[in-house]
Every structure is written in structure tokens, then in C-alpha cells.
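**Q** Can you read through this structure? Questions will come right after.
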Amino acid sequence: MSAKDEADMCCAACGIKQLDDIKLKKCTACYLVSYCSVQCQKNHRKQHKKECKKRMVELREELLFKQPESSHIGDCPICCVPLSIDANTSSMSSCCCVLICDGCAYTNQMKNDHSVDNPLCPFCREPYVSSAAEAERNIRKRIKAGDPVAIRQKGAEARMVHNYGVALELLTKASKMGDIVAHNQLGNMYALGEGIEIDTKKGVYHWEEAAIGGHPEARYSLGVTNTQQGELKKAVKHLMIAASLGHDKALKKLKEWYGIGTVTKADFATALRAHQDFINSTKSPEREEAANAERSL
């Protein structure tokens, strides 16, 4: 057994070894050391504080710059094909607040004459709403049921009409429930000072939470912030991840930086391939058919 392994099996404060009747618990902030009791952890806090904070920063950056498996909106729940980050290629009904690609929505509506005249939500099979008042009632039902997407939607609506107090309350609530889009909106509000004092630290925190969840626009905002702070290496990392999730502005910025030598040829080529791979992954015959039908109107 190595010296490190032996140290891991001893309390960092009192040195007692882990035995059948003595269980050690890792410091949950850095996972570097273990303690036999809360009191030992408190006693060792002063000695461990600096190392702990350093490791916390390292762990945060490892998480932040990890390539997400998908964008924050994931796959269409019906066809299981990745959703495009272009908001014009998908829609969400107030009945269930689930995002559906245009291909599945179009296919569902064109199945037969009855579905054309009496369309149902392709996900929950509820009839589409016929008025804004009905949509509002549905959203309120979803909010009452604790749906973070519905809560975020109302928060976003409040933000659009500059009702920032309500927007902040609802978006904060949705973000605490894990809604990625709410985190990005909060990041924007704190960065721009919408109804509140500008708080860059809070803005960056919410953008980071959104970026970790696969939000490419939040990732782009972090890249811009890092650029302003002179941290170009971090900025390039953020932009490359954003580009790999289909973000056009991130790819355009990387192209500009490649032209002036800030981004290497290899990194730009990697970003270009990843961007195209993501775009290709969001295509399907059904979506193309829906797009053609839209263009013909």
C-alpha cells in the first residue's frame, strides 16, 4: 500500500485509522482528505482551508470544461433525434411544456384528415389550445404542479415586458429546480443589471451552471467575459465547446481568431468538424419535410 493510500485511510486531524467500528468521511468540498468526526474536521479546518479551496477551484474547472453529451435541450422525446438549438425548428405546447421537433409535430398533424382538423399534442395527446386564455390556464396548471419549464416560461415573459421583480423571482425558482435556460437568463439579468445592480460574479455563476448543463449561448457569454478579462485560453475552450453544440457565433469568433493567430489551425479544424457533426445530427427526413412545407406557405 502506498503512503498516499495509507494517508487516505487515516483521519487528517487525529491520525486514527479506519477500522470496522470507525468510518472515515471525505471532505465533500475537495475529496482530498478524510475525517473520523465532525469535530476533527472543524479542528483541521485552518490547516486544510488553503489546499481545500485550491482543489475546489480545480474540480470546478474540470466540471466546467467537460464536453457536454448534448445541448441543454437534448433530444426530441418522440423521434429521439437531437434537437437543433435554432428555436425556429421546434415548438412547445402549454399542455405539457415539452419541446417537440417540427418534424414530429408536422408528421403528427398530417397523419389523416381528422388530425389535420383536430390536431393533438404529439407528446401528451391533449388537444391544441384555441386561445391565449386557454394557454395561460394550462401554464398556470403546470406551474401549480411544480413544472420548472412552465415557471421559467412565465419568468421569461415577465422579463420581456421589463417586469424584472417577477422575472427574478420565477427564474430563480426555476434555476433552483435545475432549469438550465433559467440559469442562462439569470446570468444575463445580473450581467446587464436588469432591475438589479450589475453583479458580474453572480452572472458568471449562472452562466457557468447553464454551460455545464449544455447551454451554448451561456458558454459563448463566458467566452466573451474571459476575453474581456484577458483569459484567452479559457475563452477559446468555451468557444470550442459552444461551437461543438451548433453555436454559429462561437464558430465565427473562432474563425476570426484563427485569422489573427489566436486560435491554432488544429483547434479551428476541430471546432469546424464538431459544429458540422452537431448540425448533421439534428437532421431527419421528417424535419426536412416540415421545413419544405413551411417554405411553401
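By order in the C-alpha cells, chains are A, B, ...; within a chain, residues start at 1; ligands start at 1, following the order shown.
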Sorted by chain and rising residue number, which residues of segment 45-102 of chain A lie within 6 Å of segment 199-220 of chain A, and what are their closest atom pairs and distances in Å to one decimal, counting only C-alpha atoms, as a Markdown table?
**A**
| residue | atom | partner | partner_atom | distance |
| --- | --- | --- | --- | --- |
| A:Leu64 | CA | A:Ile212 | CA | 5.5 |
| A:Pro68 | CA | A:Gly214 | CA | 5.5 |
| A:Ser71 | CA | A:Gly214 | CA | 4.4 |
| A:His72 | CA | A:Gly214 | CA | 4.4 |
**Q** For segment 230-233 of chain A, please output as a list in words all residues within 12 Å (counting only C-alpha atoms; exclusion window: fewer than 2 positions along the same chain).
**A** Phe65, Leu222, Gly223, Val224, Thr225, Asn226, Thr227, Gln228, Ala235, Val236, Lys237, His238, Leu239, Met240, Leu254, Trp257, Gly261, Thr262, Val263, Thr264 and Asp267 of chain A
**Q** Can you tell me, as a ChimeraX atom specification, what residues are no more than 12 Å from Cys14 of chain A when counting only C-alpha atoms, ignoring any on the same chain fewer than 6 positions away?
**A** /A:7,24,34-44
**Q** So which residues of segment 97-172 of chain A fall under strand (DSSP E or B) by DSSP, listed as an NGL selection string?
**A** :A and (99-101 or 120 or 127)
**Q** Limited to all heavy atoms, could you put the picked residues into a file as a PDB file, in the first residue's frame?
**A**
ATOM      1  N   LEU A  99     -40.691  20.169 -25.307  1.00  0.00           N
ATOM      2  CA  LEU A  99     -40.216  20.656 -26.599  1.00  0.00           C
ATOM      3  C   LEU A  99     -40.229  19.514 -27.619  1.00  0.00           C
ATOM      4  O   LEU A  99     -39.640  18.450 -27.380  1.00  0.00           O
ATOM      5  CB  LEU A  99     -38.807  21.216 -26.438  1.00  0.00           C
ATOM      6  CG  LEU A  99     -38.321  22.251 -27.455  1.00  0.00           C
ATOM      7  CD1 LEU A  99     -39.223  23.479 -27.449  1.00  0.00           C
ATOM      8  CD2 LEU A  99     -36.891  22.656 -27.131  1.00  0.00           C
ATOM      9  N   ILE A 100     -40.895  19.747 -28.753  1.00  0.00           N
ATOM     10  CA  ILE A 100     -41.034  18.748 -29.812  1.00  0.00           C
ATOM     11  C   ILE A 100     -40.468  19.320 -31.105  1.00  0.00           C
ATOM     12  O   ILE A 100     -40.707  20.490 -31.432  1.00  0.00           O
ATOM     13  CB  ILE A 100     -42.526  18.380 -30.039  1.00  0.00           C
ATOM     14  CG1 ILE A 100     -43.176  17.899 -28.738  1.00  0.00           C
ATOM     15  CG2 ILE A 100     -42.676  17.330 -31.136  1.00  0.00           C
ATOM     16  CD1 ILE A 100     -42.622  16.624 -28.197  1.00  0.00           C
ATOM     17  N   CYS A 101     -39.745  18.502 -31.868  1.00  0.00           N
ATOM     18  CA  CYS A 101     -39.197  18.991 -33.133  1.00  0.00           C
ATOM     19  C   CYS A 101     -40.324  19.201 -34.137  1.00  0.00           C
ATOM     20  O   CYS A 101     -41.386  18.568 -34.073  1.00  0.00           O
ATOM     21  CB  CYS A 101     -38.153  18.024 -33.678  1.00  0.00           C
ATOM     22  SG  CYS A 101     -38.816  16.524 -34.436  1.00  0.00           S
ATOM     23  N   LEU A 120     -53.735  17.151 -32.148  1.00  0.00           N
ATOM     24  CA  LEU A 120     -53.436  16.865 -30.752  1.00  0.00           C
ATOM     25  C   LEU A 120     -51.945  17.058 -30.510  1.00  0.00           C
ATOM     26  O   LEU A 120     -51.136  16.922 -31.426  1.00  0.00           O
ATOM     27  CB  LEU A 120     -53.805  15.414 -30.414  1.00  0.00           C
ATOM     28  CG  LEU A 120     -55.263  14.984 -30.623  1.00  0.00           C
ATOM     29  CD1 LEU A 120     -55.411  13.490 -30.317  1.00  0.00           C
ATOM     30  CD2 LEU A 120     -56.192  15.800 -29.755  1.00  0.00           C
ATOM     31  N   PRO A 127     -55.667  18.079 -26.850  1.00  0.00           N
ATOM     32  CA  PRO A 127     -55.955  18.972 -27.982  1.00  0.00           C
ATOM     33  C   PRO A 127     -55.151  20.264 -27.872  1.00  0.00           C
ATOM     34  O   PRO A 127     -54.917  20.766 -26.767  1.00  0.00           O
ATOM     35  CB  PRO A 127     -57.460  19.251 -27.847  1.00  0.00           C
ATOM     36  CG  PRO A 127     -57.985  18.141 -26.996  1.00  0.00           C
ATOM     37  CD  PRO A 127     -56.872  17.768 -26.063  1.00  0.00           C
TER      38      PRO A 127
END
**Q** Counting only C-alpha atoms, which residue out of A:Phe123, A:Lys252, A:Ala274, A:Asn118 sits closest to Ser91 of chain A?
**A**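 Closest to Ser91 of chain A of all the choices is A:Phe123.
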**Q** Applying 6 Å and only C-alpha atoms, which residues near Ala243 of chain A remain after dropping the ones on its own chain fewer than 5 positions away? List them as JSON, numbers by chain.
**A** {"A": [250, 251, 275]}
**Q** For the residues in that selection, give me C-alpha atoms as a PDB file, in the first residue's frame.
**A**
ATOM      1  CA  ALA A 250     -18.880  30.881 -31.432  1.00  0.00           C
ATOM      2  CA  LEU A 251     -17.629  29.316 -34.671  1.00  0.00           C
ATOM      3  CA  HIS A 275     -20.003  22.107 -35.375  1.00  0.00           C
TER       4      HIS A 275
END
**Q** Of the candidates A:Leu168, A:Cys95, A:Ile241, A:Ala290, which shows the shortest atom-to-atom distance to Asp147 of chain A, using only C-alpha atoms?
**A** A:Cys95
**Q** What's around Arg159 of chain A at 10 Å? Count only C-alpha atoms, leave out sequence neighbours fewer than 4 positions away in its own chain, and write the answer as a list in words.
**A** Gln153, Lys154, Gly155, Asn163, Tyr164, Gly165, Val166, Ala167, Leu168, Leu170, Leu171, Gln185, Met189, Glu194 and Gly195 of chain A
**Q** Since we have the selection now, will you write its residues out, keeping C-alpha atoms, as a tab-separated table (two decimals), in the first residue's frame?
**A**
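Final output, saved to result-v4.tsv:
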chain	number	residue	atom	x	y	z
A	153	GLN	CA	-41.56	30.47	-19.21
A	154	LYS	CA	-43.55	32.86	-17.04
A	155	GLY	CA	-40.31	34.34	-15.74
A	163	ASN	CA	-41.28	43.19	-15.02
A	164	TYR	CA	-37.90	42.34	-13.56
A	165	GLY	CA	-39.02	41.70	-9.97
A	166	VAL	CA	-41.35	38.89	-11.03
A	167	ALA	CA	-38.83	37.65	-13.59
A	168	LEU	CA	-36.07	37.39	-11.00
A	170	LEU	CA	-39.62	33.00	-11.08
A	171	LEU	CA	-36.30	32.43	-12.87
A	185	GLN	CA	-31.49	34.11	-18.28
A	189	MET	CA	-30.02	39.71	-15.93
A	194	GLU	CA	-31.92	44.30	-15.40
A	195	GLY	CA	-33.94	45.52	-12.42
